[in-house]
>>> print(open('structure.cif').read())   # mmCIF, C-alpha atoms
data_data
loop_
_atom_site.label_atom_id
_atom_site.label_comp_id
_atom_site.auth_asym_id
_atom_site.auth_seq_id
_atom_site.Cartn_x
_atom_site.Cartn_y
_atom_site.Cartn_z
CA MET A 1 50.34 -21.06 40.95
CA ALA A 2 53.79 -21.04 42.51
CA PRO A 3 55.79 -20.50 39.29
CA SER A 4 53.77 -17.56 38.08
CA ALA A 5 54.06 -15.87 41.43
CA THR A 6 57.71 -15.13 40.69
CA MET A 7 56.81 -13.55 37.37
CA ALA A 8 54.03 -11.57 39.01
CA ASN A 9 56.41 -10.45 41.74
CA SER A 10 59.07 -9.34 39.32
CA LEU A 11 56.52 -7.53 37.16
CA GLN A 12 55.15 -5.66 40.15
CA LYS A 13 58.44 -4.95 41.90
CA HIS A 14 60.48 -3.97 38.89
CA HIS A 15 57.73 -2.24 36.95
CA LYS A 16 59.58 1.08 36.61
CA GLN A 17 62.88 -0.51 35.73
CA LEU A 18 61.37 -2.97 33.24
CA LEU A 19 59.49 -0.20 31.54
CA SER A 20 62.47 2.10 31.20
CA GLU A 21 64.72 -0.67 29.87
CA TRP A 22 62.11 -1.91 27.44
CA VAL A 23 61.30 1.56 26.15
CA LYS A 24 65.00 2.28 25.70
CA HIS A 25 65.30 -0.92 23.68
CA LEU A 26 62.21 -0.15 21.61
CA GLN A 27 63.37 3.37 20.87
CA SER A 28 66.78 2.22 19.71
CA GLU A 29 64.98 -0.10 17.29
CA VAL A 30 62.74 2.70 16.07
CA ALA A 31 65.78 4.91 15.54
CA ASP A 32 67.36 2.13 13.46
CA GLY A 33 64.45 2.13 11.06
CA ARG A 34 64.73 4.79 8.38
CA LYS A 35 61.23 6.10 8.81
CA VAL A 36 60.03 7.23 12.19
CA ARG A 37 56.36 6.33 12.18
CA ILE A 38 55.63 6.64 15.85
CA SER A 39 56.63 9.25 18.42
CA PRO A 40 58.70 8.22 21.49
CA GLN A 41 55.92 9.44 23.79
CA GLU A 42 53.32 7.31 22.03
CA LEU A 43 55.65 4.32 22.16
CA SER A 44 56.25 4.62 25.89
CA THR A 45 52.52 5.15 26.52
CA GLN A 46 51.77 1.95 24.63
CA ALA A 47 54.53 0.10 26.47
CA ASP A 48 53.24 1.34 29.82
CA GLU A 49 49.69 0.29 29.02
CA PHE A 50 50.81 -3.12 27.82
CA LEU A 51 52.88 -3.67 30.96
CA GLN A 52 49.95 -2.67 33.14
CA LEU A 53 47.60 -5.08 31.37
CA LEU A 54 50.19 -7.87 31.43
CA THR A 55 50.66 -7.39 35.17
CA ASP A 56 46.87 -7.60 35.60
CA VAL A 57 46.83 -10.91 33.75
CA VAL A 58 49.74 -12.44 35.68
CA THR A 59 48.53 -11.27 39.09
CA GLY A 60 44.93 -12.22 38.26
CA ALA A 61 43.07 -15.06 39.95
CA ASN A 62 43.80 -17.45 37.11
CA PRO A 63 46.76 -16.36 34.96
CA ASP A 64 46.47 -19.35 32.60
CA ASP A 65 42.82 -18.75 31.77
CA ARG A 66 42.67 -17.33 28.26
CA ARG A 67 39.05 -16.37 28.67
CA SER A 68 39.49 -14.22 31.76
CA ALA A 69 38.52 -10.56 31.65
CA GLN A 70 42.14 -9.51 32.17
CA PHE A 71 43.37 -11.56 29.23
CA LYS A 72 40.53 -10.25 27.06
CA ALA A 73 41.55 -6.69 27.88
CA LEU A 74 45.16 -7.41 26.96
CA GLN A 75 44.11 -9.08 23.75
CA GLY A 76 41.86 -6.16 22.83
CA PHE A 77 44.70 -3.71 23.45
CA LEU A 78 47.08 -5.71 21.25
CA GLU A 79 44.51 -6.04 18.46
CA ASN A 80 43.90 -2.29 18.44
CA MET A 81 47.60 -1.60 18.41
CA SER A 82 48.36 -4.02 15.57
CA ARG A 83 45.50 -2.68 13.52
CA SER A 84 46.65 0.90 13.86
CA ARG A 85 50.23 -0.13 13.08
CA ALA A 86 49.10 -1.94 9.95
CA GLN A 87 47.44 1.28 8.81
CA GLN A 88 50.51 3.36 9.68
CA GLY A 89 52.62 1.17 7.39
CA PHE A 90 54.65 -0.89 9.88
CA THR A 91 55.95 -4.25 8.72
CA SER A 92 54.69 -7.37 10.43
CA ALA A 93 58.16 -8.00 11.93
CA GLU A 94 58.23 -4.52 13.43
CA THR A 95 54.81 -5.05 14.96
CA ALA A 96 55.72 -8.41 16.48
CA THR A 97 59.06 -7.10 17.76
CA PHE A 98 57.12 -4.80 20.07
CA ILE A 99 56.20 -7.90 22.11
CA PHE A 100 59.30 -10.03 21.60
CA SER A 101 61.70 -7.26 22.61
CA PHE A 102 60.12 -7.34 26.07
CA LYS A 103 61.68 -10.76 26.69
CA GLN A 104 65.18 -9.46 27.36
CA PRO A 105 64.32 -7.06 30.23
CA LEU A 106 61.76 -9.51 31.62
CA PHE A 107 64.20 -12.43 31.69
CA ALA A 108 66.79 -10.23 33.36
CA ALA A 109 64.25 -9.33 36.06
CA LEU A 110 63.27 -12.99 36.49
CA ARG A 111 66.92 -13.93 36.97
CA VAL A 112 67.23 -11.41 39.78
CA GLU A 113 64.01 -12.64 41.34
CA ALA A 114 64.84 -16.36 41.10
CA GLY A 115 68.27 -15.95 42.68
CA ASN A 116 70.23 -19.20 42.63
CA ASP A 117 67.31 -21.51 41.96
CA ALA A 118 68.11 -22.73 38.43
CA ASN A 119 65.02 -24.92 38.19
CA LEU A 120 62.71 -22.10 39.17
CA LEU A 121 64.38 -19.78 36.67
CA ALA A 122 64.06 -22.29 33.82
CA ASN A 123 60.41 -22.80 34.68
CA GLU A 124 59.72 -19.11 34.87
CA ILE A 125 61.45 -18.40 31.60
CA TRP A 126 59.44 -21.13 29.91
CA ASN A 127 56.17 -19.74 31.25
CA ALA A 128 57.04 -16.19 30.27
CA THR A 129 58.14 -17.28 26.79
CA ARG A 130 54.93 -19.18 26.27
CA LEU A 131 52.80 -16.20 27.27
CA LEU A 132 54.76 -13.65 25.24
CA ASP A 133 54.87 -15.88 22.16
CA GLU A 134 51.15 -16.24 22.32
CA LEU A 135 50.72 -12.48 22.57
CA GLY A 136 53.16 -12.01 19.68
CA LEU A 137 51.09 -14.35 17.53
CA ILE A 138 47.98 -12.35 18.34
CA THR A 139 49.63 -9.18 17.07
CA VAL A 140 50.82 -10.87 13.88
CA SER A 141 47.50 -12.43 13.03
CA THR A 142 45.62 -9.21 13.73
CA TYR A 143 48.16 -7.29 11.68
CA GLN A 144 47.68 -9.65 8.76
CA HIS A 145 43.93 -9.42 9.04
CA ALA A 146 44.07 -5.62 9.04
CA ARG A 147 46.28 -5.64 5.96
CA GLU A 148 43.91 -7.93 4.12
CA GLU A 149 41.07 -5.57 4.95
CA ILE A 150 43.05 -2.67 3.54
CA ILE A 151 43.79 -4.60 0.34
CA SER A 152 40.20 -5.63 -0.25
CA ARG A 153 39.01 -2.07 0.42
CA GLN A 154 41.49 -0.74 -2.12
CA GLN A 155 40.37 -3.31 -4.69
CA GLN A 156 36.78 -2.21 -4.20
CA GLU A 157 37.79 1.44 -4.59
CA MET A 158 39.70 0.69 -7.77
CA LEU A 159 36.71 -1.15 -9.16
CA GLU A 160 34.54 1.89 -8.54
CA LEU A 161 37.14 4.36 -9.74
CA SER A 162 37.73 2.58 -13.00
CA THR A 163 34.13 2.74 -14.21
CA PRO A 164 33.05 6.36 -14.49
CA VAL A 165 30.03 6.98 -16.70
CA VAL A 166 30.18 10.49 -18.16
CA LYS A 167 27.54 12.49 -19.93
CA LEU A 168 28.93 13.85 -23.21
CA TRP A 169 25.83 15.53 -24.52
CA GLU A 170 22.12 15.63 -23.87
CA GLY A 171 21.12 12.00 -24.42
CA ILE A 172 24.67 10.73 -24.98
CA LEU A 173 26.65 8.83 -22.34
CA ALA A 174 30.26 7.69 -22.56
CA LEU A 175 32.11 5.03 -20.62
CA PRO A 176 35.89 5.14 -20.99
CA MET A 177 37.11 1.67 -20.00
CA ILE A 178 40.59 1.32 -18.58
CA GLY A 179 42.36 -1.91 -17.70
CA THR A 180 41.63 -5.55 -18.27
CA LEU A 181 38.02 -6.63 -18.44
CA ASP A 182 37.07 -9.66 -16.39
CA SER A 183 33.65 -11.02 -15.47
CA ALA A 184 33.41 -9.16 -12.17
CA ARG A 185 34.37 -5.82 -13.71
CA THR A 186 32.09 -6.25 -16.69
CA GLN A 187 29.24 -6.87 -14.29
CA VAL A 188 29.97 -3.63 -12.40
CA VAL A 189 30.44 -1.69 -15.64
CA MET A 190 27.26 -3.07 -17.14
CA GLU A 191 25.21 -2.32 -14.05
CA SER A 192 26.46 1.25 -13.61
CA LEU A 193 26.04 2.04 -17.30
CA LEU A 194 22.52 0.61 -17.51
CA GLN A 195 21.52 2.39 -14.30
CA LYS A 196 22.83 5.68 -15.70
CA ILE A 197 20.91 5.15 -18.92
CA VAL A 198 17.69 4.83 -16.92
CA GLU A 199 18.52 7.85 -14.74
CA THR A 200 19.38 10.19 -17.60
CA GLY A 201 17.09 8.72 -20.26
CA SER A 202 20.01 8.68 -22.69
CA GLN A 203 19.46 7.16 -26.10
CA ILE A 204 23.08 6.47 -26.97
CA ALA A 205 25.92 5.00 -24.95
CA ILE A 206 29.50 5.05 -26.20
CA ILE A 207 31.88 2.46 -24.75
CA ASP A 208 35.46 3.57 -25.35
CA ILE A 209 37.95 0.69 -25.17
CA THR A 210 41.12 2.70 -25.87
CA GLY A 211 42.40 1.79 -22.39
CA VAL A 212 41.72 -1.92 -22.70
CA PRO A 213 45.09 -3.58 -23.38
CA THR A 214 43.88 -6.80 -24.99
CA VAL A 215 40.65 -8.18 -26.32
CA ASP A 216 40.23 -11.95 -26.26
CA THR A 217 37.12 -14.02 -26.87
CA LEU A 218 36.03 -13.64 -23.25
CA VAL A 219 36.34 -9.86 -23.29
CA ALA A 220 34.54 -9.70 -26.63
CA GLN A 221 31.82 -11.89 -25.14
CA HIS A 222 31.45 -9.47 -22.22
CA LEU A 223 31.27 -6.49 -24.56
CA LEU A 224 28.61 -8.17 -26.68
CA LYS A 225 26.55 -8.91 -23.57
CA THR A 226 26.71 -5.27 -22.52
CA VAL A 227 25.73 -4.10 -25.99
CA THR A 228 22.78 -6.52 -26.07
CA ALA A 229 21.57 -5.42 -22.62
CA ILE A 230 21.74 -1.77 -23.69
CA ARG A 231 19.74 -2.56 -26.81
CA LEU A 232 17.13 -4.44 -24.79
CA MET A 233 16.60 -1.35 -22.68
CA GLY A 234 15.91 0.66 -25.78
CA ALA A 235 19.15 2.58 -26.16
CA ASP A 236 21.89 2.33 -28.78
CA CYS A 237 25.51 1.45 -28.18
CA ILE A 238 28.64 2.45 -30.06
CA ILE A 239 32.03 0.91 -29.31
CA SER A 240 34.90 3.28 -29.95
CA GLY A 241 38.67 3.25 -29.59
CA VAL A 242 39.26 0.01 -31.46
CA ARG A 243 42.99 -0.11 -32.18
CA PRO A 244 44.40 -1.79 -35.32
CA GLN A 245 45.82 -4.72 -33.33
CA ILE A 246 42.49 -5.24 -31.60
CA ALA A 247 40.61 -5.15 -34.91
CA GLN A 248 43.02 -7.82 -36.20
CA THR A 249 42.60 -9.97 -33.10
CA ILE A 250 38.81 -9.75 -33.22
CA VAL A 251 38.70 -10.86 -36.86
CA HIS A 252 41.25 -13.65 -36.29
CA LEU A 253 39.30 -14.93 -33.30
CA GLY A 254 36.18 -15.07 -35.43
CA VAL A 255 34.16 -12.91 -33.06
CA ASP A 256 31.00 -11.69 -34.75
CA LEU A 257 30.54 -7.98 -34.11
CA ALA A 258 28.10 -7.61 -37.01
CA GLY A 259 25.27 -6.08 -35.00
CA VAL A 260 27.53 -3.64 -33.18
CA THR A 261 28.50 -0.19 -34.38
CA THR A 262 32.25 0.33 -33.94
CA LYS A 263 34.39 3.39 -34.50
CA ALA A 264 38.14 3.94 -34.42
CA ASN A 265 38.03 6.82 -31.96
CA LEU A 266 35.77 8.63 -29.55
CA ALA A 267 35.46 11.70 -31.79
CA ASP A 268 33.98 9.67 -34.63
CA ALA A 269 31.64 7.92 -32.23
CA LEU A 270 30.45 11.26 -30.79
CA ALA A 271 29.90 12.66 -34.29
CA LEU A 272 27.78 9.62 -35.17
CA ALA A 273 25.87 9.83 -31.90
CA LEU A 274 25.10 13.52 -32.45
CA LYS A 275 23.89 12.74 -35.95
CA ARG A 276 21.63 9.96 -34.66
CA THR A 277 20.12 12.16 -31.97
CA GLY A 278 19.35 14.78 -34.60
CA ASN A 279 22.00 17.33 -33.65
CA THR A 280 24.01 19.12 -36.30
CA LEU A 281 27.45 20.57 -35.77
CA SER A 282 28.73 23.56 -37.69
CA ARG A 283 32.00 25.33 -37.53
CA MET B 1 -8.92 -13.71 -12.88
CA GLU B 2 -6.38 -10.91 -13.26
CA ARG B 3 -5.57 -9.60 -16.71
CA ILE B 4 -3.20 -7.08 -18.10
CA PRO B 5 -5.21 -4.10 -19.41
CA ILE B 6 -4.76 -3.18 -23.06
CA LEU B 7 -5.50 0.47 -23.86
CA ARG B 8 -6.18 1.91 -27.29
CA ILE B 9 -4.54 5.24 -28.10
CA GLY B 10 -5.45 6.29 -31.63
CA GLU B 11 -4.07 3.63 -33.92
CA PHE B 12 -1.75 2.25 -31.25
CA LEU B 13 -2.28 -0.23 -28.44
CA LEU B 14 -0.61 0.08 -25.05
CA ALA B 15 -0.21 -2.86 -22.70
CA THR B 16 1.28 -1.94 -19.34
CA ILE B 17 2.57 -4.74 -17.17
CA GLN B 18 2.15 -3.52 -13.61
CA VAL B 19 2.23 -6.80 -11.72
CA ASP B 20 4.68 -9.65 -11.39
CA MET B 21 4.27 -11.85 -14.42
CA HIS B 22 3.52 -15.50 -14.05
CA ASP B 23 3.25 -18.01 -16.84
CA GLN B 24 -0.54 -18.05 -17.09
CA LEU B 25 -0.71 -14.25 -17.15
CA ALA B 26 1.89 -14.07 -19.91
CA LEU B 27 -0.06 -16.52 -22.06
CA GLN B 28 -3.27 -14.61 -21.35
CA LEU B 29 -1.59 -11.37 -22.49
CA GLN B 30 -0.39 -13.08 -25.65
CA ASP B 31 -3.96 -14.17 -26.38
CA ASP B 32 -5.59 -10.84 -25.53
CA LEU B 33 -3.08 -8.71 -27.38
CA THR B 34 -3.18 -10.64 -30.65
CA LYS B 35 -6.99 -10.51 -30.59
CA ALA B 36 -6.98 -6.79 -29.79
CA ILE B 37 -4.60 -6.05 -32.68
CA GLN B 38 -6.97 -7.73 -35.07
CA ARG B 39 -10.11 -6.18 -33.60
CA HIS B 40 -8.82 -2.59 -33.67
CA GLY B 41 -6.64 -2.94 -36.74
CA ALA B 42 -3.81 -1.47 -34.72
CA LYS B 43 -0.73 -0.22 -36.56
CA GLY B 44 1.54 -0.19 -33.57
CA VAL B 45 1.81 -1.85 -30.18
CA LEU B 46 3.68 -0.63 -27.11
CA ILE B 47 4.44 -3.10 -24.34
CA ASP B 48 5.51 -1.21 -21.23
CA ILE B 49 7.52 -3.42 -18.89
CA SER B 50 9.02 -0.66 -16.73
CA ALA B 51 7.36 -2.08 -13.59
CA LEU B 52 8.57 -5.60 -14.28
CA GLU B 53 11.43 -6.43 -11.96
CA MET B 54 11.88 -10.14 -12.46
CA VAL B 55 11.89 -12.35 -15.51
CA ASP B 56 12.57 -15.99 -16.12
CA SER B 57 13.31 -17.66 -19.42
CA PHE B 58 9.63 -18.42 -20.06
CA ILE B 59 8.44 -14.84 -19.53
CA GLY B 60 11.38 -13.57 -21.60
CA ARG B 61 10.50 -15.87 -24.46
CA THR B 62 6.80 -15.04 -24.27
CA ILE B 63 7.52 -11.31 -24.46
CA SER B 64 9.71 -11.95 -27.48
CA ASP B 65 6.98 -14.11 -29.01
CA ILE B 66 4.31 -11.45 -28.49
CA SER B 67 6.49 -8.90 -30.31
CA ASN B 68 6.98 -11.23 -33.23
CA MET B 69 3.27 -12.12 -33.38
CA GLY B 70 2.40 -8.41 -33.46
CA ARG B 71 4.68 -7.94 -36.42
CA ILE B 72 3.09 -10.84 -38.29
CA LEU B 73 -0.33 -9.30 -37.66
CA GLY B 74 0.88 -6.09 -39.31
CA ALA B 75 1.52 -4.02 -36.18
CA ARG B 76 4.93 -2.65 -35.24
CA THR B 77 5.70 -3.72 -31.71
CA VAL B 78 8.00 -1.83 -29.38
CA LEU B 79 9.11 -3.09 -25.98
CA VAL B 80 9.62 -0.11 -23.69
CA GLY B 81 11.17 0.65 -20.32
CA MET B 82 13.08 -2.53 -19.57
CA GLN B 83 14.86 -2.30 -16.20
CA PRO B 84 18.64 -2.83 -16.04
CA ALA B 85 18.28 -5.93 -13.87
CA VAL B 86 15.82 -7.45 -16.34
CA ALA B 87 18.10 -6.66 -19.29
CA ILE B 88 21.07 -8.27 -17.55
CA THR B 89 19.02 -11.35 -16.65
CA LEU B 90 17.80 -11.80 -20.22
CA VAL B 91 21.34 -11.46 -21.59
CA GLU B 92 22.66 -13.97 -19.07
CA LEU B 93 19.84 -16.34 -20.07
CA GLY B 94 20.99 -16.00 -23.67
CA LEU B 95 17.80 -14.26 -24.77
CA SER B 96 18.89 -11.30 -26.87
CA LEU B 97 15.40 -10.90 -28.42
CA PRO B 98 16.56 -10.39 -32.00
CA GLY B 99 14.16 -8.47 -34.19
CA VAL B 100 12.35 -6.89 -31.25
CA ALA B 101 12.34 -3.08 -31.28
CA THR B 102 13.04 -1.42 -27.93
CA ALA B 103 12.76 2.08 -26.47
CA LEU B 104 13.61 3.73 -23.18
CA ASP B 105 10.10 4.88 -22.26
CA VAL B 106 6.54 5.04 -23.62
CA ASP B 107 7.06 8.55 -24.95
CA ARG B 108 10.09 7.59 -27.01
CA GLY B 109 8.41 4.37 -28.09
CA MET B 110 5.47 6.36 -29.42
CA THR B 111 7.77 8.75 -31.31
CA MET B 112 9.58 5.77 -32.76
CA LEU B 113 6.33 4.13 -33.91
CA ARG B 114 5.15 7.38 -35.53
CA ALA B 115 8.46 7.76 -37.36
CA VAL B 116 8.37 4.16 -38.61
CA LEU B 117 4.73 4.40 -39.70
CA ALA B 118 5.39 7.69 -41.50
CA ASP B 119 8.07 5.90 -43.53
CA ASP B 120 5.75 3.05 -44.54
#
>>> encode(input="structure.cif", output="structure tokens")
Amino acid sequence: MAPSATMANSLQKHHKQLLSEWVKHLQSEVADGRKVRISPQELSTQADEFLQLLTDVVTGANPDDRRSAQFKALQGFLENMSRSRAQQGFTSAETATFIFSFKQPLFAALRVEAGNDANLLANEIWNATRLLDELGLITVSTYQHAREEIISRQQQEMLELSTPVVKLWEGILALPMIGTLDSARTQVVMESLLQKIVETGSQIAIIDITGVPTVDTLVAQHLLKTVTAIRLMGADCIISGVRPQIAQTIVHLGVDLAGVTTKANLADALALALKRTGNTLSR
Amino acid sequence: MERIPILRIGEFLLATIQVDMHDQLALQLQDDLTKAIQRHGAKGVLIDISALEMVDSFIGRTISDISNMGRILGARTVLVGMQPAVAITLVELGLSLPGVATALDVDRGMTMLRAVLADD
């Protein structure tokens, strides 16, 4: 444990100095960035806490043990910090720099501590680099993980947002579809529409495809499945918002929409639906 | 042996499936229902499957068969109350039950039968 003793010594002895130098360095970096996402106080609190935990690890009974309680605490702190930074919109480089920028003040302190012993200094620097690199990697991988979580949550939200089922009239539901239809989305759309039909006891469902950019055989297949499922449940389905290009594509592809009622726009579809449910409109 | 009860309401028959269907039960229903249509001279049949939560291809086909048999025997058959999950399963299995009339619930099915019979 001889080599680490020097690092432990320097961490303990020069705590104040290390902290102030590091924080100064960190704050100059923050000032460089155009957006200030973190307050100087918060930054120095984080730096202080990190330094404290790092000192605990190095002065601990077994500094190289990655399963020790001290190392776990440090790891937990870093994971929390990276996660919150990912949510605040930091880049991965900015997050990792928090750790790597500590090298400069630490190496300076080690040089003072090691004196003229070049071998000891080289050893110490190697040990410190290894430890800090490892910690840096923890922040990066946690950061990445947090970002992936954010992305998948947003995807889920978009999926839910893009399938609103609205009630147009007593017994008439409408589903304005926006964006490309793939298997996963069709499944969600189908399920929410069918569920709503059961809940409201609606006899007619209008699927409006004005917002669907292209219709290929797969999309047509999905639409036909939805229409069939709606029919099986005992309700009727009208597809509206078929644009001229889409009508051309459907015919060229040879998709058979014979059993499906289609209308050019939502207004026509609503008029038909009202007629079918026995309502009459008068001006 | 369990059976699915078939109730007579005026000139209609109502079969309500309240239990999980298995193959034998489905065939039994097919047998009972066709006999009942003939015995009562029923003009319309309602098959209520609102409590049915799972179907396989055999049950799906049998239900479709029963509807078609009813029609051949001179009774209009309406399948009512299919659950979303069942509808999705049948579509994924490629069973679109062509020619089978459907309705959202028994009430609407009855109205539909009356309207159709009034036209005849």
>>> resolve_selection(input="structure.cif", expression="the PyMOL selection byres ((chain B and resi 116) around 12)", output="list in words")
Lys43, Gly44, Ala75, Arg76, Thr77, Val78, Ala101, Gly109, Met110, Thr111, Met112, Leu113, Arg114, Ala115, Leu117, Ala118, Asp119 and Asp120 of chain B
>>> interface_residues(input="structure.cif", of="chain A", to="chain B", cutoff="6 Å", atoms="all atoms listed in the file", output="ChimeraX atom specification")
/A:194,229,232-234
>>> resolve_selection(input="structure.cif", expression="the PyMOL selection byres ((chain A and resi 181) around 10)", output="count of residues only")
22
>>> residues_around(input="structure.cif", residues="segment 17-19 of chain B", least_positions_apart="5", cutoff="12 Å", atoms="only C-alpha atoms", output="ChimeraX atom specification")
/B:2-7,25-26,29,46-55,59,63,79-82
>>> atom_distance(input="structure.cif", atom1="atom CA of Thr228 of chain A", atom2="atom CA of Glu191 of chain A")
13.0 Å
>>> residues_near_point(input="structure.cif", point="(-3.3, -14.9, -34.2)", cutoff="12 Å", atoms="only C-alpha atoms", output="tab-separated table (two decimals) with C-alpha atoms, in the frame of the given file")
chain	number	residue	atom	x	y	z
B	30	GLN	CA	-0.39	-13.08	-25.65
B	31	ASP	CA	-3.96	-14.17	-26.38
B	32	ASP	CA	-5.59	-10.84	-25.53
B	33	LEU	CA	-3.08	-8.71	-27.38
B	34	THR	CA	-3.18	-10.64	-30.65
B	35	LYS	CA	-6.99	-10.51	-30.59
B	36	ALA	CA	-6.98	-6.79	-29.79
B	37	ILE	CA	-4.60	-6.05	-32.68
B	38	GLN	CA	-6.97	-7.73	-35.07
B	39	ARG	CA	-10.11	-6.18	-33.60
B	65	ASP	CA	6.98	-14.11	-29.01
B	66	ILE	CA	4.31	-11.45	-28.49
B	68	ASN	CA	6.98	-11.23	-33.23
B	69	MET	CA	3.27	-12.12	-33.38
B	70	GLY	CA	2.40	-8.41	-33.46
B	71	ARG	CA	4.68	-7.94	-36.42
B	72	ILE	CA	3.09	-10.84	-38.29
B	73	LEU	CA	-0.33	-9.30	-37.66
B	74	GLY	CA	0.88	-6.09	-39.31
>>> closest_atom_pairs(input="structure.cif", of="segment 120-205 of chain A", to="segment 76-79 of chain A", cutoff="9 Å", atoms="all atoms listed in the file", output="CSV")
residue,atom,partner,partner_atom,distance
A:Leu135,CA,A:Leu78,CA,7.8
A:Gly136,CA,A:Leu78,CA,8.9
A:Ile138,CA,A:Glu79,CA,7.2
A:Thr139,CA,A:Leu78,CA,6.0
A:Ser141,CA,A:Glu79,CA,8.9
A:Thr142,CA,A:Glu79,CA,5.8
A:Tyr143,CA,A:Glu79,CA,7.8
>>> resolve_selection(input="structure.cif", expression="the PyMOL selection byres ((chain A and resi 269) around 10)", output="ChimeraX atom specification")
/A:174,205-208,237-241,261-268,270-275
>>> closest_residue(input="structure.cif", among="A:Val140, A:Val58, A:Leu26, A:Leu74", to="Phe98 of chain A", atoms="only C-alpha atoms")
A:Leu26
>>> closest_residue(input="structure.cif", among="A:Lys103, A:His252, A:Lys16, A:Arg130", to="Asp64 of chain A", atoms="all atoms listed in the file")
A:Arg130
>>> atom_distance(input="structure.cif", atom1="atom CA of Ala86 of chain A", atom2="atom CA of Ile38 of chain A")
12.3 Å
>>> residues_around(input="structure.cif", residues="Glu170 of chain A", least_positions_apart="3", cutoff="9 Å", atoms="only C-alpha atoms", output="MDAnalysis selection string")
chainID A and resid 167 173 200 202
>>> atom_distance(input="structure.cif", atom1="atom CA of Ser44 of chain A", atom2="atom CA of Trp22 of chain A")
8.9 Å
>>> closest_residue(input="structure.cif", among="A:Gln156, A:Thr210, A:Gln144, A:Gln245", to="Leu175 of chain A", atoms="all atoms listed in the file")
A:Thr210
>>> build_atoms(input="structure.cif", residues="segment 238-251 of chain A", atoms="N, CA and C atoms", output="PDB file, in the frame of the given file")
ATOM      1  N   ILE A 238      27.542   2.358 -29.098  1.00  0.00           N
ATOM      2  CA  ILE A 238      28.640   2.450 -30.060  1.00  0.00           C
ATOM      3  C   ILE A 238      29.919   2.080 -29.326  1.00  0.00           C
ATOM      4  N   ILE A 239      30.739   1.224 -29.920  1.00  0.00           N
ATOM      5  CA  ILE A 239      32.030   0.910 -29.310  1.00  0.00           C
ATOM      6  C   ILE A 239      33.091   1.702 -30.047  1.00  0.00           C
ATOM      7  N   SER A 240      33.880   2.464 -29.294  1.00  0.00           N
ATOM      8  CA  SER A 240      34.900   3.280 -29.950  1.00  0.00           C
ATOM      9  C   SER A 240      36.280   2.933 -29.398  1.00  0.00           C
ATOM     10  N   GLY A 241      37.300   3.462 -30.056  1.00  0.00           N
ATOM     11  CA  GLY A 241      38.670   3.250 -29.590  1.00  0.00           C
ATOM     12  C   GLY A 241      39.216   1.880 -29.932  1.00  0.00           C
ATOM     13  N   VAL A 242      38.742   1.308 -31.041  1.00  0.00           N
ATOM     14  CA  VAL A 242      39.260   0.010 -31.460  1.00  0.00           C
ATOM     15  C   VAL A 242      40.595   0.231 -32.157  1.00  0.00           C
ATOM     16  N   ARG A 243      41.673  -0.299 -31.583  1.00  0.00           N
ATOM     17  CA  ARG A 243      42.990  -0.110 -32.180  1.00  0.00           C
ATOM     18  C   ARG A 243      43.229  -1.145 -33.281  1.00  0.00           C
ATOM     19  N   PRO A 244      44.160  -0.852 -34.214  1.00  0.00           N
ATOM     20  CA  PRO A 244      44.400  -1.790 -35.320  1.00  0.00           C
ATOM     21  C   PRO A 244      44.669  -3.225 -34.853  1.00  0.00           C
ATOM     22  N   GLN A 245      45.519  -3.364 -33.805  1.00  0.00           N
ATOM     23  CA  GLN A 245      45.820  -4.720 -33.330  1.00  0.00           C
ATOM     24  C   GLN A 245      44.552  -5.422 -32.841  1.00  0.00           C
ATOM     25  N   ILE A 246      43.702  -4.643 -32.151  1.00  0.00           N
ATOM     26  CA  ILE A 246      42.490  -5.240 -31.600  1.00  0.00           C
ATOM     27  C   ILE A 246      41.537  -5.648 -32.721  1.00  0.00           C
ATOM     28  N   ALA A 247      41.452  -4.800 -33.762  1.00  0.00           N
ATOM     29  CA  ALA A 247      40.610  -5.150 -34.910  1.00  0.00           C
ATOM     30  C   ALA A 247      41.104  -6.463 -35.527  1.00  0.00           C
ATOM     31  N   GLN A 248      42.449  -6.583 -35.639  1.00  0.00           N
ATOM     32  CA  GLN A 248      43.020  -7.820 -36.200  1.00  0.00           C
ATOM     33  C   GLN A 248      42.674  -9.021 -35.333  1.00  0.00           C
ATOM     34  N   THR A 249      42.877  -8.860 -34.009  1.00  0.00           N
ATOM     35  CA  THR A 249      42.600  -9.970 -33.100  1.00  0.00           C
ATOM     36  C   THR A 249      41.144 -10.412 -33.209  1.00  0.00           C
ATOM     37  N   ILE A 250      40.234  -9.419 -33.205  1.00  0.00           N
ATOM     38  CA  ILE A 250      38.810  -9.750 -33.220  1.00  0.00           C
ATOM     39  C   ILE A 250      38.464 -10.570 -34.464  1.00  0.00           C
ATOM     40  N   VAL A 251      39.000 -10.134 -35.624  1.00  0.00           N
ATOM     41  CA  VAL A 251      38.700 -10.860 -36.860  1.00  0.00           C
ATOM     42  C   VAL A 251      39.333 -12.254 -36.836  1.00  0.00           C
TER      43      VAL A 251
END
